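Listing of query36.pdb, PDB, C-alpha atoms and all ligand atoms
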ATOM      1  CA  MET Y   1     -62.504  87.339  39.039
ATOM      2  CA  ALA Y   2     -62.708  91.072  39.744
ATOM      3  CA  ARG Y   3     -59.888  92.416  41.815
ATOM      4  CA  GLN Y   4     -60.878  93.884  45.167
ATOM      5  CA  PRO Y   5     -60.233  97.582  45.691
ATOM      6  CA  ALA Y   6     -57.666  98.722  48.241
ATOM      7  CA  ALA Y   7     -59.013  99.251  51.746
ATOM      8  CA  VAL Y   8     -59.984 102.728  52.824
ATOM      9  CA  VAL Y   9     -56.900 104.704  53.821
ATOM     10  CA  GLY Y  10     -56.375 104.764  57.565
ATOM     11  CA  THR Y  11     -58.320 101.603  58.382
ATOM     12  CA  LEU Y  12     -56.487  98.809  60.155
ATOM     13  CA  GLN Y  13     -55.161  96.415  57.557
ATOM     14  CA  LEU Y  14     -53.266  93.134  57.596
ATOM     15  CA  ALA Y  15     -50.654  92.491  54.927
ATOM     16  CA  PRO Y  16     -49.320  88.928  55.018
ATOM     17  CA  SER Y  17     -45.752  88.729  53.714
ATOM     18  CA  ILE Y  18     -45.423  85.658  51.519
ATOM     19  CA  LEU Y  19     -41.668  85.589  52.158
ATOM     20  CA  SER Y  20     -42.304  83.240  55.078
ATOM     21  CA  ALA Y  21     -44.730  81.010  53.182
ATOM     22  CA  ASP Y  22     -43.803  77.643  51.710
ATOM     23  CA  PHE Y  23     -42.802  78.589  48.145
ATOM     24  CA  ALA Y  24     -43.612  75.061  46.984
ATOM     25  CA  HIS Y  25     -47.222  75.640  48.019
ATOM     26  CA  LEU Y  26     -47.679  79.387  47.596
ATOM     27  CA  ALA Y  27     -51.160  79.195  46.128
ATOM     28  CA  ALA Y  28     -52.427  77.208  49.097
ATOM     29  CA  ALA Y  29     -50.654  79.509  51.569
ATOM     30  CA  ILE Y  30     -52.218  82.623  50.025
ATOM     31  CA  ALA Y  31     -55.652  81.000  49.866
ATOM     32  CA  ALA Y  32     -55.457  79.939  53.512
ATOM     33  CA  VAL Y  33     -55.230  83.559  54.697
ATOM     34  CA  GLU Y  34     -57.223  85.272  51.913
ATOM     35  CA  ALA Y  35     -60.197  86.053  54.170
ATOM     36  CA  GLU Y  36     -58.017  87.961  56.657
ATOM     37  CA  THR Y  37     -55.830  89.594  54.004
ATOM     38  CA  ASP Y  38     -56.238  93.270  53.125
ATOM     39  CA  ARG Y  39     -53.221  93.357  50.833
ATOM     40  CA  VAL Y  40     -50.602  90.781  49.882
ATOM     41  CA  HIS Y  41     -47.076  91.923  50.758
ATOM     42  CA  ILE Y  42     -44.487  90.663  48.272
ATOM     43  CA  ASP Y  43     -40.833  91.078  49.263
ATOM     44  CA  VAL Y  44     -38.580  91.639  46.278
ATOM     45  CA  MET Y  45     -34.842  91.563  47.063
ATOM     46  CA  ASP Y  46     -31.938  91.986  44.679
ATOM     47  CA  GLY Y  47     -28.925  90.728  46.650
ATOM     48  CA  HIS Y  48     -27.494  94.250  46.484
ATOM     49  CA  PHE Y  49     -29.716  96.692  48.345
ATOM     50  CA  VAL Y  50     -30.196  93.847  50.837
ATOM     51  CA  PRO Y  51     -28.116  90.688  51.285
ATOM     52  CA  ASN Y  52     -30.755  88.272  50.026
ATOM     53  CA  LEU Y  53     -32.471  87.251  46.787
ATOM     54  CA  THR Y  54     -36.127  86.438  46.519
ATOM     55  CA  LEU Y  55     -38.413  86.703  43.515
ATOM     56  CA  GLY Y  56     -39.335  88.701  40.451
ATOM     57  CA  PRO Y  57     -42.197  89.561  38.103
ATOM     58  CA  PRO Y  58     -42.738  85.986  36.783
ATOM     59  CA  LEU Y  59     -43.627  84.750  40.236
ATOM     60  CA  VAL Y  60     -45.953  87.705  40.815
ATOM     61  CA  ALA Y  61     -47.673  86.916  37.514
ATOM     62  CA  SER Y  62     -48.086  83.284  38.583
ATOM     63  CA  ILE Y  63     -49.692  84.036  41.922
ATOM     64  CA  ARG Y  64     -51.892  86.815  40.502
ATOM     65  CA  ALA Y  65     -54.487  84.170  39.718
ATOM     66  CA  CYS Y  66     -54.475  82.951  43.348
ATOM     67  CA  SER Y  67     -55.856  86.094  44.957
ATOM     68  CA  ASP Y  68     -58.096  89.029  44.184
ATOM     69  CA  LYS Y  69     -56.543  91.181  46.932
ATOM     70  CA  PRO Y  70     -54.277  94.125  46.103
ATOM     71  CA  PHE Y  71     -50.638  93.120  45.621
ATOM     72  CA  ASP Y  72     -48.020  95.442  47.133
ATOM     73  CA  CYS Y  73     -44.471  94.757  45.948
ATOM     74  CA  HIS Y  74     -41.918  95.898  48.528
ATOM     75  CA  LEU Y  75     -38.977  96.667  46.284
ATOM     76  CA  MET Y  76     -35.735  96.209  48.209
ATOM     77  CA  LEU Y  77     -33.759  97.021  45.079
ATOM     78  CA  THR Y  78     -30.907  99.377  44.263
ATOM     79  CA  ASP Y  79     -32.609 100.193  40.943
ATOM     80  CA  PRO Y  80     -36.371  99.906  41.471
ATOM     81  CA  GLY Y  81     -37.083 102.137  38.466
ATOM     82  CA  ALA Y  82     -36.023  99.358  36.117
ATOM     83  CA  PHE Y  83     -38.722  97.069  37.481
ATOM     84  CA  LEU Y  84     -41.810  99.220  37.981
ATOM     85  CA  GLU Y  85     -43.261  98.399  34.599
ATOM     86  CA  PRO Y  86     -42.510  94.643  34.756
ATOM     87  CA  PHE Y  87     -44.159  94.398  38.168
ATOM     88  CA  ARG Y  88     -47.134  96.402  36.954
ATOM     89  CA  ARG Y  89     -47.518  94.053  33.984
ATOM     90  CA  ALA Y  90     -47.217  91.068  36.314
ATOM     91  CA  GLY Y  91     -50.225  92.318  38.291
ATOM     92  CA  ALA Y  92     -48.906  94.541  41.068
ATOM     93  CA  ASP Y  93     -51.349  97.163  42.348
ATOM     94  CA  ALA Y  94     -48.816  99.023  44.457
ATOM     95  CA  VAL Y  95     -45.078  99.299  44.851
ATOM     96  CA  THR Y  96     -43.181 100.405  47.912
ATOM     97  CA  VAL Y  97     -39.760 101.872  47.186
ATOM     98  CA  HIS Y  98     -37.008 102.765  49.629
ATOM     99  CA  VAL Y  99     -36.081 106.394  50.218
ATOM    100  CA  GLU Y 100     -32.434 105.325  50.658
ATOM    101  CA  VAL Y 101     -32.009 104.612  46.921
ATOM    102  CA  GLY Y 102     -32.694 108.258  46.020
ATOM    103  CA  GLY Y 103     -34.575 109.731  43.082
ATOM    104  CA  THR Y 104     -37.788 109.455  45.082
ATOM    105  CA  GLU Y 105     -39.822 112.083  43.254
ATOM    106  CA  ALA Y 106     -39.062 110.618  39.833
ATOM    107  CA  LEU Y 107     -39.781 107.079  41.034
ATOM    108  CA  VAL Y 108     -43.093 108.085  42.530
ATOM    109  CA  ALA Y 109     -44.087 109.927  39.361
ATOM    110  CA  GLU Y 110     -43.139 106.989  37.178
ATOM    111  CA  ALA Y 111     -45.063 104.526  39.342
ATOM    112  CA  ARG Y 112     -48.116 106.795  39.318
ATOM    113  CA  GLY Y 113     -47.860 107.096  35.567
ATOM    114  CA  LEU Y 114     -48.155 103.320  35.386
ATOM    115  CA  GLY Y 115     -51.263 103.404  37.552
ATOM    116  CA  LEU Y 116     -49.574 102.019  40.645
ATOM    117  CA  ALA Y 117     -50.242 103.102  44.207
ATOM    118  CA  VAL Y 118     -46.994 104.097  45.890
ATOM    119  CA  GLY Y 119     -45.442 103.498  49.272
ATOM    120  CA  LEU Y 120     -42.211 104.987  50.578
ATOM    121  CA  ALA Y 121     -40.100 102.858  52.919
ATOM    122  CA  CYS Y 122     -37.313 103.782  55.297
ATOM    123  CA  ASN Y 123     -34.829 101.553  57.062
ATOM    124  CA  PRO Y 124     -34.531 101.597  60.853
ATOM    125  CA  GLU Y 125     -31.403 103.771  60.844
ATOM    126  CA  THR Y 126     -32.765 106.295  58.322
ATOM    127  CA  PRO Y 127     -33.881 109.521  60.034
ATOM    128  CA  VAL Y 128     -37.573 110.296  59.786
ATOM    129  CA  GLU Y 129     -36.797 113.619  58.074
ATOM    130  CA  ALA Y 130     -35.851 111.629  54.958
ATOM    131  CA  VAL Y 131     -39.479 110.670  54.367
ATOM    132  CA  LEU Y 132     -41.307 113.698  55.751
ATOM    133  CA  GLU Y 133     -40.692 115.829  52.654
ATOM    134  CA  TYR Y 134     -42.516 113.277  50.470
ATOM    135  CA  LEU Y 135     -45.648 112.729  52.551
ATOM    136  CA  SER Y 136     -47.917 114.579  50.163
ATOM    137  CA  LEU Y 137     -46.746 112.445  47.216
ATOM    138  CA  VAL Y 138     -47.349 108.926  48.509
ATOM    139  CA  ASP Y 139     -50.169 106.605  49.588
ATOM    140  CA  LEU Y 140     -48.238 104.864  52.322
ATOM    141  CA  VAL Y 141     -45.163 105.290  54.503
ATOM    142  CA  LEU Y 142     -43.426 102.085  55.562
ATOM    143  CA  CYS Y 143     -41.311 102.238  58.687
ATOM    144  CA  MET Y 144     -39.121  99.128  58.660
ATOM    145  CA  THR Y 145     -39.100  97.605  62.127
ATOM    146  CA  VAL Y 146     -36.218  95.253  61.242
ATOM    147  CA  HIS Y 147     -33.180  95.638  59.009
ATOM    148  CA  PRO Y 148     -34.561  94.494  55.668
ATOM    149  CA  GLY Y 149     -33.429  91.272  54.059
ATOM    150  CA  PHE Y 150     -34.864  88.446  56.091
ATOM    151  CA  GLY Y 151     -38.035  87.328  57.792
ATOM    152  CA  GLY Y 152     -38.164  86.166  61.378
ATOM    153  CA  GLN Y 153     -36.176  88.986  63.021
ATOM    154  CA  ALA Y 154     -37.036  90.779  66.268
ATOM    155  CA  PHE Y 155     -39.144  93.971  66.154
ATOM    156  CA  LEU Y 156     -37.047  97.101  66.798
ATOM    157  CA  LEU Y 157     -39.003  99.026  69.416
ATOM    158  CA  GLU Y 158     -37.050 102.226  68.838
ATOM    159  CA  VAL Y 159     -38.698 102.573  65.393
ATOM    160  CA  LEU Y 160     -41.976 103.397  67.146
ATOM    161  CA  ASP Y 161     -40.712 106.952  67.673
ATOM    162  CA  LYS Y 162     -40.501 107.276  63.895
ATOM    163  CA  VAL Y 163     -43.999 105.845  63.452
ATOM    164  CA  ARG Y 164     -45.302 108.432  65.909
ATOM    165  CA  ALA Y 165     -43.446 111.238  64.125
ATOM    166  CA  VAL Y 166     -44.826 110.231  60.705
ATOM    167  CA  ARG Y 167     -48.383 109.943  62.018
ATOM    168  CA  ARG Y 168     -48.093 113.271  63.828
ATOM    169  CA  GLU Y 169     -46.909 115.041  60.681
ATOM    170  CA  LEU Y 170     -49.611 113.420  58.527
ATOM    171  CA  ASP Y 171     -52.239 114.597  60.992
ATOM    172  CA  ARG Y 172     -50.726 118.065  61.103
ATOM    173  CA  GLN Y 173     -50.867 118.322  57.312
ATOM    174  CA  GLY Y 174     -54.292 116.649  57.145
ATOM    175  CA  LEU Y 175     -53.021 113.950  54.773
ATOM    176  CA  ALA Y 176     -54.786 110.610  54.278
ATOM    177  CA  VAL Y 177     -51.768 108.304  54.038
ATOM    178  CA  ASP Y 178     -51.353 104.802  55.439
ATOM    179  CA  VAL Y 179     -48.557 104.093  57.908
ATOM    180  CA  GLU Y 180     -47.145 100.592  57.704
ATOM    181  CA  VAL Y 181     -44.752  98.595  59.872
ATOM    182  CA  ASP Y 182     -42.838  95.606  58.537
ATOM    183  CA  GLY Y 183     -40.643  93.201  60.453
ATOM    184  CA  GLY Y 184     -41.165  91.316  63.685
ATOM    185  CA  VAL Y 185     -44.861  92.147  63.804
ATOM    186  CA  ASP Y 186     -46.831  89.640  65.859
ATOM    187  CA  HIS Y 187     -49.589  89.551  68.463
ATOM    188  CA  VAL Y 188     -47.219  91.064  71.043
ATOM    189  CA  THR Y 189     -45.723  93.907  68.987
ATOM    190  CA  ALA Y 190     -48.747  94.797  66.818
ATOM    191  CA  PRO Y 191     -50.662  96.642  69.579
ATOM    192  CA  SER Y 192     -47.713  98.996  70.262
ATOM    193  CA  ALA Y 193     -47.335  99.680  66.547
ATOM    194  CA  VAL Y 194     -51.014 100.540  66.246
ATOM    195  CA  ALA Y 195     -50.877 102.681  69.384
ATOM    196  CA  ALA Y 196     -47.960 104.591  67.827
ATOM    197  CA  GLY Y 197     -50.027 105.313  64.699
ATOM    198  CA  ALA Y 198     -49.448 102.434  62.297
ATOM    199  CA  ASN Y 199     -52.533 101.116  60.511
ATOM    200  CA  VAL Y 200     -51.050  98.582  58.072
ATOM    201  CA  LEU Y 201     -49.361  95.582  59.644
ATOM    202  CA  VAL Y 202     -47.063  93.395  57.567
ATOM    203  CA  ALA Y 203     -46.494  89.979  59.093
ATOM    204  CA  GLY Y 204     -44.586  87.049  57.627
ATOM    205  CA  SER Y 205     -43.417  84.488  60.136
ATOM    206  CA  ALA Y 206     -46.227  85.289  62.590
ATOM    207  CA  ILE Y 207     -48.713  84.241  59.910
ATOM    208  CA  PHE Y 208     -47.045  81.655  57.702
ATOM    209  CA  GLY Y 209     -44.609  80.324  60.293
ATOM    210  CA  ALA Y 210     -47.391  79.450  62.692
ATOM    211  CA  THR Y 211     -47.576  75.770  63.418
ATOM    212  CA  GLU Y 212     -51.329  75.676  63.775
TER     213      GLU Y 212
HETATM  214  C1  LIG B   1     -37.945  91.910  55.577
HETATM  215  C2  LIG B   1     -39.233  91.953  54.804
HETATM  216  C3  LIG B   1     -40.421  91.621  55.600
HETATM  217  C4  LIG B   1     -40.428  90.242  56.176
HETATM  218  C5  LIG B   1     -41.225  90.258  57.442
HETATM  219  O1  LIG B   1     -36.950  92.487  54.829
HETATM  220  O2  LIG B   1     -39.432  93.231  54.252
HETATM  221  O3  LIG B   1     -41.614  91.851  54.859
HETATM  222  O4  LIG B   1     -40.982  89.277  55.321
HETATM  223  O5  LIG B   1     -41.103  89.038  58.055
HETATM  224  P1  LIG B   1     -41.433  88.850  59.597
HETATM  225  O6  LIG B   1     -42.863  89.213  59.811
HETATM  226  O7  LIG B   1     -41.169  87.401  59.811
HETATM  227  O8  LIG B   1     -40.492  89.728  60.361
HETATM  228 ZN    ZN B   2     -41.406  93.647  53.357
END

Whole structure, structure tokens version:
Amino acid sequence: MARQPAAVVGTLQLAPSILSADFAHLAAAIAAVEAETDRVHIDVMDGHFVPNLTLGPPLVASIRACSDKPFDCHLMLTDPGAFLEPFRRAGADAVTVHVEVGGTEALVAEARGLGLAVGLACNPETPVEAVLEYLSLVDLVLCMTVHPGFGGQAFLLEVLDKVRAVRRELDRQGLAVDVEVDGGVDHVTAPSAVAAGANVLVAGSAIFGATE
């Protein structure tokens, strides 16, 4: 099965986060939303950068056969550089690394060298200036709208100022870069995120936690 190309930059995209899916039935969960999925959001946590543990390259390799959509691995890791190649081999199309871990330029270059698309994430308390200097290097900027580590938290409205600032600066520089929000995104919060300039919406519990 040929893998589908990434959506055109700037178009509205939905990225289901499998963190909230039933891990015993991941293949079925991914298949159930495949038609509405623009990219699969895979939350990788190391118990150090965030206080939770999730999954690694073997799981990504297993679910690679379940979907032909681009896989974006959101690396909530203190040392993402050690895992770029394993995730690439497992079938990742993109990685999103956090600006807080440092070494951003080298990480981006290494990921690009492996043929990965690259996102740059920032936590709610991280000032927007931390990501602005890297806008020309990345494919996507992720503004976390919760403190990373767990699904099912409430959307932090104050992060919308950062979304607006990133979108404004991208427009000013004429850069085609996606702006993503992750955390607490649902049918109530999504419209404000889009109005602020986000075009990629990550949603976990709103999609996989739905009862019908
Ligand atoms: C949180 C993760 C999110 C999470 C979103 O650290 O990065 O991707 O799965 O879950 P919801 O949509 O439930 O807030
Ligand atoms: Zn995430």

- [ ] May I ask for the distance between CA of Val60 in chain Y and CA of Gly204 in chain Y, given in Å to one decimal place?
- [x] 16.9 Å

- [ ] Using only C-alpha atoms, determine which residues lie at most 8 Å from Val44 in chain Y, disregarding the query and same-chain residues fewer than 6 positions distant; provide the list as a ChimeraX atom specification.
- [x] /Y:53-56,73-77

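Closest approach to ligand LIG 1 (chain B) among Y:Leu137, Y:Ala190, Y:Val95, Y:Ala154 is made by Y:Ala154 (distances from all atoms listed in the file).
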
- [ ] Pick out the residues no farther than 6 Å from ligand LIG 1 (chain B), counting only C-alpha atoms and all ligand atoms, and list them as a list in words.
- [x] Ser17, Leu19, Asp43, Pro148, Gly149, Phe150, Gly151, Gly152, Gln153, Asp182, Gly183, Gly184, Val185, Ala203, Gly204, Ser205 and Ala206 of chain Y

Task: Exercise: Asp139 in chain Y partners within 6 Å, only C-alpha atoms, chain neighbours under 5 positions left out, as a PyMOL selection string - done: chain Y and resi 118-119+177

TODO: May I have the protein, DNA and RNA residues with any atom at most 6 Å from the point (-42.1, 113.2, 45.1), counting only C-alpha atoms, written as a ChimeraX atom specification?
DONE: /Y:104-105,108,134,137

Task: Nearest residue to Arg39 in chain Y from the set Y:Pro5, Y:Pro70, Y:Gly81, Y:Gly115 (distances using only C-alpha atoms) - done: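 Of Y:Pro5, Y:Pro70, Y:Gly81, Y:Gly115, the one nearest Arg39 in chain Y, counting only C-alpha atoms, is Y:Pro70.
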
Task: Resolved residues for the PyMOL selection byres (((chain Y and resi 107) around 12) and not hetatm) as number ranges by chain - done: Y: 75, 79-85, 95-99, 101-106, 108-114, 116-120, 134, 137-138

Please produce a file of those selected residues containing C-alpha atoms, as a PDB file, keeping the file's coordinate frame.
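Once written, again_22.pdb looks like this:
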ATOM      1  CA  LEU Y  75     -38.977  96.667  46.284  1.00  0.00           C
ATOM      2  CA  ASP Y  79     -32.609 100.193  40.943  1.00  0.00           C
ATOM      3  CA  PRO Y  80     -36.371  99.906  41.471  1.00  0.00           C
ATOM      4  CA  GLY Y  81     -37.083 102.137  38.466  1.00  0.00           C
ATOM      5  CA  ALA Y  82     -36.023  99.358  36.117  1.00  0.00           C
ATOM      6  CA  PHE Y  83     -38.722  97.069  37.481  1.00  0.00           C
ATOM      7  CA  LEU Y  84     -41.810  99.220  37.981  1.00  0.00           C
ATOM      8  CA  GLU Y  85     -43.261  98.399  34.599  1.00  0.00           C
ATOM      9  CA  VAL Y  95     -45.078  99.299  44.851  1.00  0.00           C
ATOM     10  CA  THR Y  96     -43.181 100.405  47.912  1.00  0.00           C
ATOM     11  CA  VAL Y  97     -39.760 101.872  47.186  1.00  0.00           C
ATOM     12  CA  HIS Y  98     -37.008 102.765  49.629  1.00  0.00           C
ATOM     13  CA  VAL Y  99     -36.081 106.394  50.218  1.00  0.00           C
ATOM     14  CA  VAL Y 101     -32.009 104.612  46.921  1.00  0.00           C
ATOM     15  CA  GLY Y 102     -32.694 108.258  46.020  1.00  0.00           C
ATOM     16  CA  GLY Y 103     -34.575 109.731  43.082  1.00  0.00           C
ATOM     17  CA  THR Y 104     -37.788 109.455  45.082  1.00  0.00           C
ATOM     18  CA  GLU Y 105     -39.822 112.083  43.254  1.00  0.00           C
ATOM     19  CA  ALA Y 106     -39.062 110.618  39.833  1.00  0.00           C
ATOM     20  CA  VAL Y 108     -43.093 108.085  42.530  1.00  0.00           C
ATOM     21  CA  ALA Y 109     -44.087 109.927  39.361  1.00  0.00           C
ATOM     22  CA  GLU Y 110     -43.139 106.989  37.178  1.00  0.00           C
ATOM     23  CA  ALA Y 111     -45.063 104.526  39.342  1.00  0.00           C
ATOM     24  CA  ARG Y 112     -48.116 106.795  39.318  1.00  0.00           C
ATOM     25  CA  GLY Y 113     -47.860 107.096  35.567  1.00  0.00           C
ATOM     26  CA  LEU Y 114     -48.155 103.320  35.386  1.00  0.00           C
ATOM     27  CA  LEU Y 116     -49.574 102.019  40.645  1.00  0.00           C
ATOM     28  CA  ALA Y 117     -50.242 103.102  44.207  1.00  0.00           C
ATOM     29  CA  VAL Y 118     -46.994 104.097  45.890  1.00  0.00           C
ATOM     30  CA  GLY Y 119     -45.442 103.498  49.272  1.00  0.00           C
ATOM     31  CA  LEU Y 120     -42.211 104.987  50.578  1.00  0.00           C
ATOM     32  CA  TYR Y 134     -42.516 113.277  50.470  1.00  0.00           C
ATOM     33  CA  LEU Y 137     -46.746 112.445  47.216  1.00  0.00           C
ATOM     34  CA  VAL Y 138     -47.349 108.926  48.509  1.00  0.00           C
TER      35      VAL Y 138
END

Open item on the list: Using all atoms listed in the file for the distances, tell me which of Y:Asp72, Y:Asp178, Y:Glu36, Y:Asp161 is nearest to ligand ZN 2 (chain B).
Closed with: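 When distances to ligand ZN 2 (chain B) are compared using all atoms listed in the file, the smallest one comes from Y:Asp72.
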
Open item on the list: Given only C-alpha atoms and all ligand atoms as the basis, pick out the residue of Y:Glu180, Y:Asp171, Y:Asp186, Y:Asp22 nearest to ligand ZN 2 (chain B).
Closed with: Y:Glu180

TODO: Go through Y:Leu142, Y:Ala90, Y:Ala35, Y:Leu156 one by one, measure the shortest atom-to-atom distance of each to ligand ZN 2 (chain B) using all atoms listed in the file, and give the residue with the smallest value.
DONE: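 Ranking Y:Leu142, Y:Ala90, Y:Ala35, Y:Leu156 by distance to ligand ZN 2 (chain B), first place goes to Y:Leu142.
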
Open item on the list: Given all atoms listed in the file as the basis, pick out the residue of Y:Leu132, Y:Ile18, Y:Ala196, Y:Ala7 nearest to Leu170 in chain Y.
Closed with: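 With all atoms listed in the file as the atom set, the closest residue is Y:Leu132.
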
TODO: Using only C-alpha atoms, collect all residues at a distance of at most 12 Å from (-55.1, 86.5, 40.4) as written in the file, then present them as a PyMOL selection string.
DONE: chain Y and resi 1-4+27+30-31+34+40+59-71+90-93

Can you turn the PyMOL selection byres (((chain Y and resi 193) around 12) and not hetatm) into a concrete residue list for this file, as a tab-separated table (two decimals) with C-alpha atoms, in the frame of the given file?
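File selection_28.tsv, as written:
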chain	number	residue	atom	x	y	z
Y	12	LEU	CA	-56.49	98.81	60.16
Y	142	LEU	CA	-43.43	102.08	55.56
Y	143	CYS	CA	-41.31	102.24	58.69
Y	144	MET	CA	-39.12	99.13	58.66
Y	145	THR	CA	-39.10	97.60	62.13
Y	155	PHE	CA	-39.14	93.97	66.15
Y	156	LEU	CA	-37.05	97.10	66.80
Y	157	LEU	CA	-39.00	99.03	69.42
Y	158	GLU	CA	-37.05	102.23	68.84
Y	159	VAL	CA	-38.70	102.57	65.39
Y	160	LEU	CA	-41.98	103.40	67.15
Y	161	ASP	CA	-40.71	106.95	67.67
Y	162	LYS	CA	-40.50	107.28	63.90
Y	163	VAL	CA	-44.00	105.84	63.45
Y	164	ARG	CA	-45.30	108.43	65.91
Y	167	ARG	CA	-48.38	109.94	62.02
Y	179	VAL	CA	-48.56	104.09	57.91
Y	180	GLU	CA	-47.14	100.59	57.70
Y	181	VAL	CA	-44.75	98.60	59.87
Y	182	ASP	CA	-42.84	95.61	58.54
Y	183	GLY	CA	-40.64	93.20	60.45
Y	184	GLY	CA	-41.16	91.32	63.68
Y	185	VAL	CA	-44.86	92.15	63.80
Y	186	ASP	CA	-46.83	89.64	65.86
Y	187	HIS	CA	-49.59	89.55	68.46
Y	188	VAL	CA	-47.22	91.06	71.04
Y	189	THR	CA	-45.72	93.91	68.99
Y	190	ALA	CA	-48.75	94.80	66.82
Y	191	PRO	CA	-50.66	96.64	69.58
Y	192	SER	CA	-47.71	99.00	70.26
Y	194	VAL	CA	-51.01	100.54	66.25
Y	195	ALA	CA	-50.88	102.68	69.38
Y	196	ALA	CA	-47.96	104.59	67.83
Y	197	GLY	CA	-50.03	105.31	64.70
Y	198	ALA	CA	-49.45	102.43	62.30
Y	199	ASN	CA	-52.53	101.12	60.51
Y	200	VAL	CA	-51.05	98.58	58.07
Y	201	LEU	CA	-49.36	95.58	59.64
Y	202	VAL	CA	-47.06	93.40	57.57

Task: For CA of Asp38 in chain Y and CA of Ala6 in chain Y, the interatomic separation in Å (one decimal) - done: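 Straight-line distance from CA of Asp38 in chain Y to CA of Ala6 in chain Y works out to 7.5 Å.
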